[in-house]
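Asker: What follows is model-v2.cif; its format and atoms are mmCIF, C-alpha atoms and all ligand atoms.
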```cif
data_upload
#
loop_
_atom_site.label_atom_id
_atom_site.label_comp_id
_atom_site.auth_asym_id
_atom_site.auth_seq_id
_atom_site.Cartn_x
_atom_site.Cartn_y
_atom_site.Cartn_z
CA LYS A 1 -28.10 -90.76 -108.53
CA LYS A 2 -27.26 -89.67 -112.04
CA ILE A 3 -29.87 -88.78 -114.61
CA SER A 4 -29.70 -91.27 -117.47
CA HIS A 5 -31.36 -89.25 -120.24
CA ALA A 6 -32.67 -85.70 -120.17
CA LEU A 7 -34.50 -83.42 -122.59
CA VAL A 8 -33.57 -79.74 -122.43
CA THR A 9 -36.01 -77.49 -124.28
CA GLY A 10 -34.35 -74.24 -125.26
CA GLY A 11 -31.05 -76.05 -124.86
CA ALA A 12 -29.31 -73.89 -127.47
CA GLY A 13 -30.13 -70.73 -125.52
CA PHE A 14 -28.17 -68.92 -122.86
CA ILE A 15 -29.21 -70.83 -119.73
CA GLY A 16 -30.17 -74.04 -121.55
CA SER A 17 -26.77 -74.47 -123.18
CA HIS A 18 -24.97 -74.24 -119.83
CA LEU A 19 -27.34 -76.84 -118.44
CA VAL A 20 -26.75 -79.14 -121.42
CA GLU A 21 -23.00 -78.85 -120.94
CA ALA A 22 -23.22 -79.72 -117.24
CA LEU A 23 -25.51 -82.70 -117.87
CA ALA A 24 -23.30 -84.05 -120.65
CA THR A 25 -20.21 -83.65 -118.47
CA ASP A 26 -22.04 -85.66 -115.79
CA GLY A 27 -22.40 -88.53 -118.23
CA CYS A 28 -26.08 -87.91 -118.93
CA ARG A 29 -27.42 -88.47 -122.41
CA VAL A 30 -28.98 -85.18 -123.49
CA THR A 31 -31.53 -84.38 -126.15
CA VAL A 32 -31.84 -80.71 -127.04
CA LEU A 33 -34.99 -79.28 -128.59
CA ASP A 34 -34.62 -75.71 -129.79
CA ASN A 35 -36.14 -73.79 -132.70
CA LEU A 36 -33.15 -71.42 -132.80
CA SER A 37 -35.43 -68.38 -132.64
CA THR A 38 -33.09 -66.84 -130.09
CA GLY A 39 -30.69 -69.73 -129.39
CA HIS A 40 -27.63 -70.60 -131.44
CA ARG A 41 -26.28 -73.94 -132.54
CA HIS A 42 -22.75 -72.74 -131.67
CA ASN A 43 -23.77 -72.33 -128.01
CA LEU A 44 -23.49 -76.12 -127.89
CA ASP A 45 -19.98 -76.36 -129.34
CA GLY A 46 -18.58 -77.19 -125.91
CA ALA A 47 -21.14 -79.89 -125.14
CA GLY A 48 -19.35 -82.66 -127.00
CA ASP A 49 -20.95 -85.55 -128.85
CA ARG A 50 -23.14 -86.95 -126.10
CA ILE A 51 -25.95 -84.67 -127.18
CA ASP A 52 -28.68 -85.07 -129.79
CA PHE A 53 -29.66 -81.72 -131.21
CA VAL A 54 -33.14 -81.47 -132.71
CA GLU A 55 -34.21 -78.23 -134.36
CA GLY A 56 -37.91 -77.81 -133.73
CA ASP A 57 -40.67 -76.12 -131.83
CA ILE A 58 -42.12 -76.97 -128.41
CA ARG A 59 -45.62 -76.44 -129.85
CA ASP A 60 -45.12 -79.45 -132.14
CA ALA A 61 -46.79 -82.26 -130.17
CA GLN A 62 -45.69 -85.05 -132.53
CA LEU A 63 -42.09 -83.94 -132.45
CA LEU A 64 -42.23 -83.67 -128.66
CA ASP A 65 -43.52 -87.23 -128.38
CA ARG A 66 -40.58 -88.38 -130.45
CA VAL A 67 -37.81 -86.49 -128.62
CA ILE A 68 -39.16 -87.06 -125.11
CA LYS A 69 -39.32 -90.84 -125.44
CA GLY A 70 -37.00 -92.52 -122.92
CA CYS A 71 -36.23 -89.28 -121.07
CA GLU A 72 -36.19 -89.45 -117.29
CA VAL A 73 -36.17 -85.69 -116.70
CA VAL A 74 -37.22 -82.69 -118.79
CA PHE A 75 -35.69 -79.27 -118.17
CA HIS A 76 -38.09 -76.81 -119.78
CA GLN A 77 -36.09 -73.68 -120.60
CA ALA A 78 -37.60 -72.74 -123.96
CA ALA A 79 -39.60 -69.51 -123.96
CA VAL A 80 -40.02 -66.06 -125.39
CA VAL A 81 -37.74 -64.58 -122.73
CA SER A 82 -37.99 -60.88 -123.47
CA VAL A 83 -40.60 -59.10 -121.36
CA THR A 84 -40.80 -56.40 -124.03
CA GLN A 85 -41.42 -58.97 -126.73
CA THR A 86 -44.39 -60.32 -124.76
CA VAL A 87 -45.77 -56.80 -124.41
CA LYS A 88 -45.46 -56.26 -128.18
CA ASP A 89 -46.95 -59.59 -129.09
CA PRO A 90 -48.96 -61.10 -126.23
CA SER A 91 -50.67 -63.65 -128.48
CA HIS A 92 -47.54 -65.15 -129.98
CA SER A 93 -45.73 -65.25 -126.63
CA CYS A 94 -48.79 -66.83 -125.02
CA GLU A 95 -48.67 -69.60 -127.62
CA VAL A 96 -45.02 -70.28 -126.97
CA ASN A 97 -44.88 -69.72 -123.22
CA ASP A 98 -48.23 -71.23 -122.25
CA LEU A 99 -49.41 -73.58 -124.99
CA GLY A 100 -45.79 -74.67 -125.45
CA THR A 101 -45.45 -75.40 -121.73
CA VAL A 102 -48.70 -77.38 -121.69
CA ARG A 103 -47.52 -79.39 -124.70
CA VAL A 104 -44.23 -80.17 -122.91
CA LEU A 105 -46.05 -81.23 -119.72
CA ASP A 106 -48.54 -83.27 -121.71
CA ALA A 107 -45.83 -85.10 -123.67
CA ALA A 108 -43.99 -85.73 -120.41
CA ARG A 109 -46.99 -87.36 -118.76
CA ARG A 110 -47.80 -89.47 -121.83
CA ASN A 111 -44.24 -90.76 -121.99
CA ASP A 112 -43.71 -91.56 -118.31
CA VAL A 113 -41.16 -88.87 -117.63
CA ARG A 114 -40.28 -88.88 -113.94
CA ARG A 115 -39.94 -85.15 -113.45
CA VAL A 116 -40.20 -81.82 -115.27
CA VAL A 117 -38.22 -78.83 -114.01
CA LEU A 118 -39.67 -75.55 -115.31
CA ALA A 119 -37.99 -72.17 -115.68
CA SER A 120 -40.18 -69.55 -114.04
CA SER A 121 -39.30 -65.97 -113.17
CA SER A 122 -39.09 -63.42 -110.40
CA ALA A 123 -41.37 -61.41 -112.71
CA VAL A 124 -44.32 -63.13 -110.99
CA TYR A 125 -43.71 -60.93 -107.92
CA GLY A 126 -44.22 -57.72 -109.89
CA ASP A 127 -43.71 -54.56 -107.88
CA ASP A 128 -44.59 -55.94 -104.47
CA PRO A 129 -42.55 -53.59 -102.28
CA ARG A 130 -41.93 -56.19 -99.60
CA LEU A 131 -38.33 -57.41 -99.60
CA PRO A 132 -36.82 -59.90 -99.94
CA LYS A 133 -39.25 -61.77 -102.16
CA THR A 134 -40.49 -65.00 -100.62
CA GLU A 135 -42.34 -67.72 -102.48
CA ASP A 136 -45.46 -67.38 -100.32
CA MET A 137 -46.15 -63.78 -101.44
CA ALA A 138 -49.22 -63.38 -103.61
CA PRO A 139 -48.14 -63.03 -107.24
CA ARG A 140 -48.60 -59.62 -108.87
CA PRO A 141 -47.86 -60.15 -112.55
CA LEU A 142 -47.46 -56.90 -114.52
CA SER A 143 -46.68 -58.13 -118.01
CA PRO A 144 -47.86 -60.88 -120.36
CA TYR A 145 -44.51 -62.50 -119.63
CA ALA A 146 -45.21 -62.66 -115.90
CA VAL A 147 -48.75 -63.92 -116.47
CA GLN A 148 -47.46 -66.60 -118.82
CA LYS A 149 -44.78 -67.79 -116.40
CA LEU A 150 -47.29 -67.83 -113.54
CA ALA A 151 -49.74 -69.84 -115.65
CA GLY A 152 -46.92 -72.30 -116.35
CA GLU A 153 -46.48 -72.77 -112.60
CA PHE A 154 -50.20 -73.45 -112.16
CA TYR A 155 -50.20 -75.94 -115.03
CA ALA A 156 -47.21 -77.66 -113.47
CA SER A 157 -48.91 -78.16 -110.11
CA THR A 158 -52.14 -79.22 -111.82
CA PHE A 159 -50.31 -81.85 -113.85
CA MET A 160 -48.77 -83.17 -110.67
CA ASP A 161 -52.14 -83.39 -108.92
CA LEU A 162 -54.08 -84.82 -111.86
CA TYR A 163 -51.56 -87.12 -113.49
CA GLY A 164 -48.86 -87.70 -110.88
CA LEU A 165 -46.19 -86.05 -113.04
CA GLU A 166 -43.56 -84.60 -110.70
CA THR A 167 -42.90 -80.93 -111.39
CA VAL A 168 -40.60 -78.31 -109.88
CA CYS A 169 -40.71 -74.59 -110.72
CA LEU A 170 -37.68 -72.37 -110.37
CA ARG A 171 -38.18 -68.62 -110.18
CA TYR A 172 -35.03 -67.19 -111.67
CA PHE A 173 -33.92 -63.73 -110.59
CA ASN A 174 -31.52 -61.81 -112.90
CA VAL A 175 -29.36 -64.46 -114.49
CA PHE A 176 -26.03 -63.52 -116.06
CA GLY A 177 -23.00 -65.20 -117.57
CA PRO A 178 -21.29 -66.03 -120.84
CA ARG A 179 -23.51 -66.46 -123.93
CA GLN A 180 -26.23 -64.11 -122.73
CA ASP A 181 -27.24 -62.36 -125.94
CA PRO A 182 -26.25 -58.68 -125.71
CA SER A 183 -27.68 -57.69 -129.08
CA SER A 184 -31.05 -56.20 -128.19
CA PRO A 185 -31.77 -53.12 -126.09
CA TYR A 186 -33.86 -55.44 -123.91
CA SER A 187 -31.01 -57.84 -123.22
CA GLY A 188 -29.82 -58.39 -119.69
CA VAL A 189 -28.16 -55.28 -118.28
CA ILE A 190 -24.88 -57.07 -117.56
CA SER A 191 -24.53 -58.23 -121.15
CA ILE A 192 -25.25 -54.69 -122.35
CA PHE A 193 -22.86 -53.03 -119.89
CA MET A 194 -20.08 -55.47 -120.80
CA THR A 195 -20.52 -54.87 -124.50
CA GLN A 196 -20.29 -51.13 -123.85
CA ALA A 197 -17.35 -51.37 -121.45
CA THR A 198 -15.29 -53.44 -123.88
CA ALA A 199 -16.15 -51.01 -126.71
CA GLY A 200 -15.28 -48.01 -124.53
CA GLN A 201 -18.79 -46.61 -124.80
CA ALA A 202 -20.89 -44.93 -122.14
CA PRO A 203 -23.91 -46.93 -121.00
CA THR A 204 -27.34 -45.47 -120.49
CA ILE A 205 -28.71 -45.93 -117.01
CA TYR A 206 -32.49 -45.73 -116.93
CA GLY A 207 -33.60 -43.52 -114.07
CA ASP A 208 -31.22 -42.63 -111.26
CA GLY A 209 -29.51 -46.03 -111.21
CA GLY A 210 -30.65 -46.57 -107.64
CA GLN A 211 -32.76 -49.58 -108.61
CA THR A 212 -31.47 -52.90 -107.31
CA ARG A 213 -31.27 -56.40 -108.80
CA ASP A 214 -30.26 -59.81 -107.51
CA PHE A 215 -27.81 -61.12 -110.13
CA VAL A 216 -27.33 -64.86 -110.05
CA ASN A 217 -24.62 -66.59 -112.04
CA VAL A 218 -25.73 -69.05 -114.69
CA LYS A 219 -23.56 -71.76 -113.09
CA ASP A 220 -25.60 -71.47 -109.91
CA VAL A 221 -28.82 -71.61 -111.93
CA VAL A 222 -27.56 -74.85 -113.48
CA GLY A 223 -26.77 -76.14 -109.99
CA ALA A 224 -30.29 -75.32 -108.81
CA ASN A 225 -31.76 -77.19 -111.79
CA LEU A 226 -29.73 -80.30 -111.03
CA MET A 227 -30.80 -80.20 -107.37
CA ALA A 228 -34.42 -79.70 -108.40
CA ALA A 229 -34.21 -82.74 -110.68
CA GLY A 230 -32.47 -85.00 -108.21
CA ASN A 231 -33.95 -84.28 -104.81
CA PRO A 232 -37.06 -86.40 -104.08
CA SER A 233 -38.52 -83.78 -101.75
CA ALA A 234 -38.41 -81.07 -104.43
CA ALA A 235 -41.46 -82.49 -106.23
CA GLY A 236 -44.31 -80.00 -106.32
CA GLY A 237 -42.11 -77.16 -105.11
CA ILE A 238 -41.70 -73.58 -106.27
CA PHE A 239 -38.31 -72.09 -105.44
CA ASN A 240 -36.54 -68.77 -105.86
CA VAL A 241 -33.17 -68.99 -107.55
CA GLY A 242 -31.10 -65.95 -106.67
CA THR A 243 -28.28 -65.02 -104.33
CA GLY A 244 -30.18 -63.27 -101.56
CA ALA A 245 -28.08 -60.16 -102.19
CA CYS A 246 -28.48 -57.25 -104.58
CA ILE A 247 -26.61 -54.37 -106.14
CA ARG A 248 -27.71 -50.96 -107.45
CA ILE A 249 -27.46 -50.57 -111.22
CA ARG A 250 -25.13 -47.56 -110.96
CA ASP A 251 -22.79 -49.55 -108.69
CA LEU A 252 -22.92 -52.43 -111.13
CA TRP A 253 -21.62 -50.15 -113.87
CA SER A 254 -18.79 -48.91 -111.61
CA LEU A 255 -17.83 -52.48 -110.81
CA ILE A 256 -17.85 -53.58 -114.46
CA GLY A 257 -15.84 -50.45 -115.30
CA ASP A 258 -13.24 -51.30 -112.63
CA LEU A 259 -12.97 -54.91 -113.77
CA SER A 260 -12.58 -53.96 -117.42
CA GLY A 261 -10.21 -51.08 -116.73
CA VAL A 262 -12.39 -48.27 -118.03
CA ALA A 263 -13.65 -45.22 -116.20
CA ILE A 264 -16.55 -43.88 -118.24
CA ASP A 265 -19.35 -41.84 -116.76
CA PRO A 266 -22.75 -43.27 -117.58
CA VAL A 267 -25.46 -41.31 -119.34
CA PHE A 268 -28.67 -41.11 -117.34
CA GLY A 269 -31.90 -41.48 -119.31
CA PRO A 270 -35.56 -41.59 -118.37
CA ALA A 271 -36.64 -44.45 -116.15
CA ARG A 272 -37.88 -47.44 -118.09
CA ALA A 273 -41.68 -47.79 -118.06
CA GLY A 274 -42.74 -50.55 -115.71
CA ASP A 275 -39.28 -50.93 -114.20
CA ILE A 276 -39.25 -52.54 -110.80
CA ARG A 277 -37.39 -50.52 -108.17
CA GLU A 278 -36.03 -53.18 -105.84
CA SER A 279 -35.55 -56.86 -106.39
CA VAL A 280 -33.85 -59.31 -104.10
CA SER A 281 -34.61 -62.93 -103.43
CA ASP A 282 -35.06 -64.81 -100.21
CA ILE A 283 -33.31 -68.12 -100.88
CA SER A 284 -33.95 -69.82 -97.56
CA LYS A 285 -36.61 -72.12 -99.05
CA ILE A 286 -34.33 -73.61 -101.71
CA GLY A 287 -31.46 -73.59 -99.24
CA ASP A 288 -33.39 -75.57 -96.63
CA ALA A 289 -35.14 -77.95 -99.02
CA LEU A 290 -32.43 -78.61 -101.60
CA GLY A 291 -29.21 -77.44 -99.96
CA PHE A 292 -28.76 -74.70 -102.55
CA SER A 293 -26.40 -71.86 -101.90
CA PRO A 294 -24.81 -69.69 -104.57
CA ARG A 295 -21.18 -70.60 -105.22
CA VAL A 296 -20.12 -67.86 -107.60
CA ALA A 297 -19.58 -64.42 -106.05
CA LEU A 298 -20.81 -61.53 -108.21
CA ARG A 299 -17.32 -60.14 -108.73
CA GLN A 300 -15.86 -63.48 -109.82
CA GLY A 301 -18.86 -64.13 -112.04
CA LEU A 302 -18.36 -60.78 -113.73
CA VAL A 303 -14.66 -61.51 -114.30
CA ASP A 304 -15.53 -64.89 -115.89
CA THR A 305 -18.21 -63.31 -118.02
CA LEU A 306 -15.97 -60.44 -119.19
CA ALA A 307 -13.50 -63.02 -120.50
CA TRP A 308 -16.19 -64.14 -122.96
CA TYR A 309 -16.49 -60.67 -124.56
C1 LIG B 1 -35.49 -59.25 -115.53
C2 LIG B 1 -35.51 -60.34 -116.57
C3 LIG B 1 -36.86 -60.56 -117.10
C4 LIG B 1 -37.90 -60.74 -116.02
C5 LIG B 1 -37.77 -59.60 -115.00
C6 LIG B 1 -38.62 -59.84 -113.79
C7 LIG B 1 -33.34 -60.33 -117.67
C8 LIG B 1 -32.59 -59.98 -118.89
N1 LIG B 1 -34.64 -59.96 -117.67
O1 LIG B 1 -35.80 -58.01 -116.11
O2 LIG B 1 -36.86 -61.71 -117.93
O3 LIG B 1 -37.70 -61.98 -115.39
O4 LIG B 1 -36.44 -59.50 -114.53
O5 LIG B 1 -38.85 -58.64 -113.14
O6 LIG B 1 -32.83 -60.93 -116.75
N2 LIG B 1 -30.91 -51.03 -117.26
C9 LIG B 1 -30.21 -49.86 -117.49
N3 LIG B 1 -29.56 -49.69 -118.68
C10 LIG B 1 -29.58 -50.65 -119.66
C11 LIG B 1 -30.30 -51.84 -119.42
C12 LIG B 1 -30.96 -52.00 -118.21
O7 LIG B 1 -30.18 -48.96 -116.64
O8 LIG B 1 -28.95 -50.45 -120.72
C13 LIG B 1 -31.58 -51.23 -115.96
C14 LIG B 1 -33.07 -51.48 -116.12
O9 LIG B 1 -33.80 -50.28 -116.16
C15 LIG B 1 -33.37 -52.30 -114.86
C16 LIG B 1 -32.05 -53.05 -114.60
O10 LIG B 1 -31.06 -52.39 -115.36
O11 LIG B 1 -33.64 -51.46 -113.78
C17 LIG B 1 -32.12 -54.51 -115.03
O12 LIG B 1 -32.64 -54.59 -116.34
P1 LIG B 1 -32.72 -55.96 -117.14
O13 LIG B 1 -33.40 -55.66 -118.43
O14 LIG B 1 -31.40 -56.61 -117.20
O15 LIG B 1 -33.61 -56.92 -116.24
P2 LIG B 1 -35.05 -56.73 -115.54
O16 LIG B 1 -34.81 -56.84 -114.08
O17 LIG B 1 -35.77 -55.56 -116.04
#
```
Could you render the structure as structure tokens?
Ligand code: UD2
Answerer:
Amino acid sequence: KKISHALVTGGAGFIGSHLVEALATDGCRVTVLDNLSTGHRHNLDGAGDRIDFVEGDIRDAQLLDRVIKGCEVVFHQAAVVSVTQTVKDPSHSCEVNDLGTVRVLDAARRNDVRRVVLASSSAVYGDDPRLPKTEDMAPRPLSPYAVQKLAGEFYASTFMDLYGLETVCLRYFNVFGPRQDPSSPYSGVISIFMTQATAGQAPTIYGDGGQTRDFVNVKDVVGANLMAAGNPSAAGGIFNVGTGACIRIRDLWSLIGDLSGVAIDPVFGPARAGDIRESVSDISKIGDALGFSPRVALRQGLVDTLAWY
């Protein structure tokens, strides 16, 4: 069954804008709430005229009440998404990531929203050495960002228990794809490597490059969100969203080099403080419960993404 009307917070951002596009293409009416702190209006150029864009902040309870009215589902993607930013300014990011999330949940319950799907993060696992990461592992948050995302999950389940608001939390692994902002040193590694490859510059690999990540294409993340919104049995669930596979960072650079036709040796720098060594998701829970399986192979996803640069 199609969603009639959805609110996407952070809908002008990287992941949010892809979600907005998919919903609009599906014939869903979409309201976007974004304060453009890291999102861009032009990210929504492809979304057509079925969307209502509202520039504003998720901490604004009155505005939320107005934009959420009539929405069946809320996809909560707005956040301070840089781990480093949350380390620099834990108070501000707490306001946005936690108070903002509570405001969104609260507006949703007051306005009879059926379901809220929340963007959480693999950051909640911290450096637990057990692999792959399964949802039943005890969280080990290592940054304000991870604490804030974990708190959001607890608020979500509490709102379901107390008020009957259906919530689903998705723990994203390393998401990549077109429109991921490459402009900060703390941007996603794929966006940084692609910027460097297309400029013919050597990347810096932090540490020996033997660290692994599970890179999931933004199209698959959108797919997981739609399944989480539509499947009745998803309510109350927490699910990993990854591919179940991983690649070492030095091999990632070689692959991006091959695909972009450059052969540049990387520069190796000191390991990044707090870097996690190995990260790979177990996706059997979301596979079994929601029928999720990643559709975009890493190589194809990289080719598609390179075309955007
Ligand atoms: C990701 C998420 C973050 C949080 C975290 C959970 C992104 C952008 N960030 O952080 O939000 O959920 O996972 O643990 O998805 N690297 C280099 N050279 C560079 C840039 C990065 O070697 O120029 C390495 C970096 O040291 C790390 C890996 O690449 O080992 C991935 O870095 P990242 O910043 O893309 O993502 P991550 O996993 O630290």
Asker: Give as a PyMOL selection string each residue that has an atom at most 6 Å from (-27.7, -71.8, -104.9) in the file, counting only C-alpha atoms.
Answerer: chain A and resi 220+224+292-294
Asker: Please work out which residues fall within 10 Å of (-41.5, -79.8, -108.7), coordinates as given in the file, with all atoms listed in the file counting, and return them as number ranges by chain.
Answerer: A: 115-118, 153, 156-157, 160, 165-170, 228-229, 231-239
Asker: Would you tabulate, counting all atoms listed in the file, all residues of chain A that have an atom at most 6 Å from an atom of ligand LIG 1 (chain B), showing the closest pair of atoms and their distance in Å to one decimal, sorted by chain then ascending number, as JSON lines?
Answerer:
```
{"residue": "A:Val81", "atom": "CA", "partner": "B:LIG1", "partner_atom": "O2", "distance": 5.7}
{"residue": "A:Ser82", "atom": "CA", "partner": "B:LIG1", "partner_atom": "O2", "distance": 5.7}
{"residue": "A:Val83", "atom": "CA", "partner": "B:LIG1", "partner_atom": "O2", "distance": 5.7}
{"residue": "A:Ser121", "atom": "CA", "partner": "B:LIG1", "partner_atom": "O3", "distance": 4.8}
{"residue": "A:Ser122", "atom": "CA", "partner": "B:LIG1", "partner_atom": "C6", "distance": 5.0}
{"residue": "A:Ala123", "atom": "CA", "partner": "B:LIG1", "partner_atom": "C6", "distance": 3.3}
{"residue": "A:Asn174", "atom": "CA", "partner": "B:LIG1", "partner_atom": "O6", "distance": 4.2}
{"residue": "A:Val175", "atom": "CA", "partner": "B:LIG1", "partner_atom": "O6", "distance": 5.4}
{"residue": "A:Tyr186", "atom": "CA", "partner": "B:LIG1", "partner_atom": "O13", "distance": 5.5}
{"residue": "A:Ser187", "atom": "CA", "partner": "B:LIG1", "partner_atom": "C8", "distance": 5.1}
{"residue": "A:Gly188", "atom": "CA", "partner": "B:LIG1", "partner_atom": "C8", "distance": 3.3}
{"residue": "A:Val189", "atom": "CA", "partner": "B:LIG1", "partner_atom": "O14", "distance": 3.7}
{"residue": "A:Ile192", "atom": "CA", "partner": "B:LIG1", "partner_atom": "O8", "distance": 5.9}
{"residue": "A:Thr204", "atom": "CA", "partner": "B:LIG1", "partner_atom": "N3", "distance": 5.1}
{"residue": "A:Ile205", "atom": "CA", "partner": "B:LIG1", "partner_atom": "O7", "distance": 3.4}
{"residue": "A:Tyr206", "atom": "CA", "partner": "B:LIG1", "partner_atom": "O7", "distance": 4.0}
{"residue": "A:Gln211", "atom": "CA", "partner": "B:LIG1", "partner_atom": "O11", "distance": 5.6}
{"residue": "A:Ile249", "atom": "CA", "partner": "B:LIG1", "partner_atom": "O10", "distance": 5.8}
{"residue": "A:Arg272", "atom": "CA", "partner": "B:LIG1", "partner_atom": "O9", "distance": 5.3}
{"residue": "A:Asp275", "atom": "CA", "partner": "B:LIG1", "partner_atom": "O11", "distance": 5.7}
```
Asker: List the neighbours of Ala307 (chain A) out to 12 Å using all atoms listed in the file; skip same-chain residues closer than 3 positions along the sequence, and give me the result as a PyMOL selection string.
Answerer: chain A and resi 177-179+194-195+198+259-260+300-304
Asker: Mind giving me the straight-line distance from CA of Thr134 (chain A) to CA of Gln148 (chain A) in Å, one decimal?
Answerer: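 Taking CA of Thr134 (chain A) as the start and CA of Gln148 (chain A) as the end point, the length is 19.6 Å.
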Asker: Closest to Lys219 (chain A) among A:Arg103, A:Val280, A:Val296, A:Gly242, using all atoms listed in the file?
Answerer: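 Under the stated criterion, the closest residue is A:Val296.
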Asker: Skipping near chain neighbours, those fewer than 5 positions away, what residues fall within 9 Å of His76 (chain A) using all atoms listed in the file, listed as a list in words?
Answerer: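 Once the adjacent positions are removed, what remains is Leu7, Val8, Thr9, Gly10, Gly11, Gly16, Thr101, Val104, Val116, Val117, Leu118 and Ala119 of chain A.
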Asker: Would you compute an axis-aligned box for region 71-90 of chain A, covering every atom listed for it in the file with 6 Å of margin on each side, and report centre and edge lengths in Å to one decimal as lines of an AutoDock Vina configuration file?
Answerer:
```
center_x = -42.3
center_y = -72.9
center_z = -122.9
size_x = 25.3
size_y = 45.2
size_z = 24.4
```
Asker: For Val73 (chain A), which of A:Asp181, A:Tyr172, A:His92, A:Arg109 is the closest residue, counting all atoms listed in the file?
Answerer: A:Arg109
Asker: Mind pulling up the distance from CA of Phe176 (chain A) to CA of Val216 (chain A)?
Answerer: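 Computed distance, CA of Val216 (chain A) to CA of Phe176 (chain A), equals 6.3 Å.
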Asker: Point out the residue among A:Ser184, A:Thr243, A:Ser254, A:Gln77 with the least atom-to-atom distance to Ala197 (chain A), counting all atoms listed in the file.
Answerer: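 Under the stated criterion, the closest residue is A:Ser254.
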Asker: Just how far from CA of Tyr125 (chain A) is CA of Met137 (chain A), in Å to one decimal?
Answerer: 7.5 Å
Asker: Out of A:Pro182, A:Pro266, A:Gly126, A:Pro139, which residue has the shortest atom-to-atom distance to Ser279 (chain A) when counting only C-alpha atoms?
Answerer: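 Nearest candidate to Ser279 (chain A) out of A:Pro182, A:Pro266, A:Gly126, A:Pro139: A:Gly126.
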Asker: Can you put N, CA and C atoms back into region 116-130 of chain A and show it as a compact mmCIF listing (two decimals), in the frame of the given file?
Answerer:
```txt
# COMPACT_ATOMS: atom_id res chain seq x y z
N VAL A 116 -40.44 -82.99 -114.41
CA VAL A 116 -40.20 -81.82 -115.27
C VAL A 116 -39.79 -80.65 -114.37
N VAL A 117 -38.67 -80.04 -114.70
CA VAL A 117 -38.22 -78.83 -114.01
C VAL A 117 -38.49 -77.65 -114.94
N LEU A 118 -39.26 -76.67 -114.46
CA LEU A 118 -39.67 -75.55 -115.31
C LEU A 118 -38.97 -74.25 -114.91
N ALA A 119 -38.57 -73.50 -115.92
CA ALA A 119 -37.99 -72.17 -115.68
C ALA A 119 -39.12 -71.17 -115.49
N SER A 120 -39.25 -70.64 -114.28
CA SER A 120 -40.18 -69.55 -114.04
C SER A 120 -39.36 -68.29 -113.76
N SER A 121 -39.99 -67.27 -113.24
CA SER A 121 -39.30 -65.97 -113.17
C SER A 121 -39.71 -65.18 -111.95
N SER A 122 -38.79 -64.36 -111.48
CA SER A 122 -39.09 -63.42 -110.40
C SER A 122 -40.11 -62.38 -110.87
N ALA A 123 -40.36 -62.34 -112.18
CA ALA A 123 -41.37 -61.41 -112.71
C ALA A 123 -42.73 -61.64 -112.06
N VAL A 124 -43.00 -62.86 -111.59
CA VAL A 124 -44.32 -63.13 -110.99
C VAL A 124 -44.58 -62.27 -109.75
N TYR A 125 -43.53 -61.75 -109.12
CA TYR A 125 -43.71 -60.93 -107.92
C TYR A 125 -44.14 -59.50 -108.26
N GLY A 126 -43.88 -59.08 -109.50
CA GLY A 126 -44.22 -57.72 -109.89
C GLY A 126 -43.58 -56.70 -108.99
N ASP A 127 -44.33 -55.65 -108.65
CA ASP A 127 -43.71 -54.56 -107.88
C ASP A 127 -44.08 -54.62 -106.40
N ASP A 128 -44.35 -55.80 -105.91
CA ASP A 128 -44.59 -55.94 -104.47
C ASP A 128 -43.41 -55.32 -103.72
N PRO A 129 -43.67 -54.30 -102.92
CA PRO A 129 -42.55 -53.59 -102.28
C PRO A 129 -41.90 -54.36 -101.13
N ARG A 130 -42.52 -55.46 -100.72
CA ARG A 130 -41.93 -56.19 -99.60
C ARG A 130 -40.66 -56.91 -100.05
```
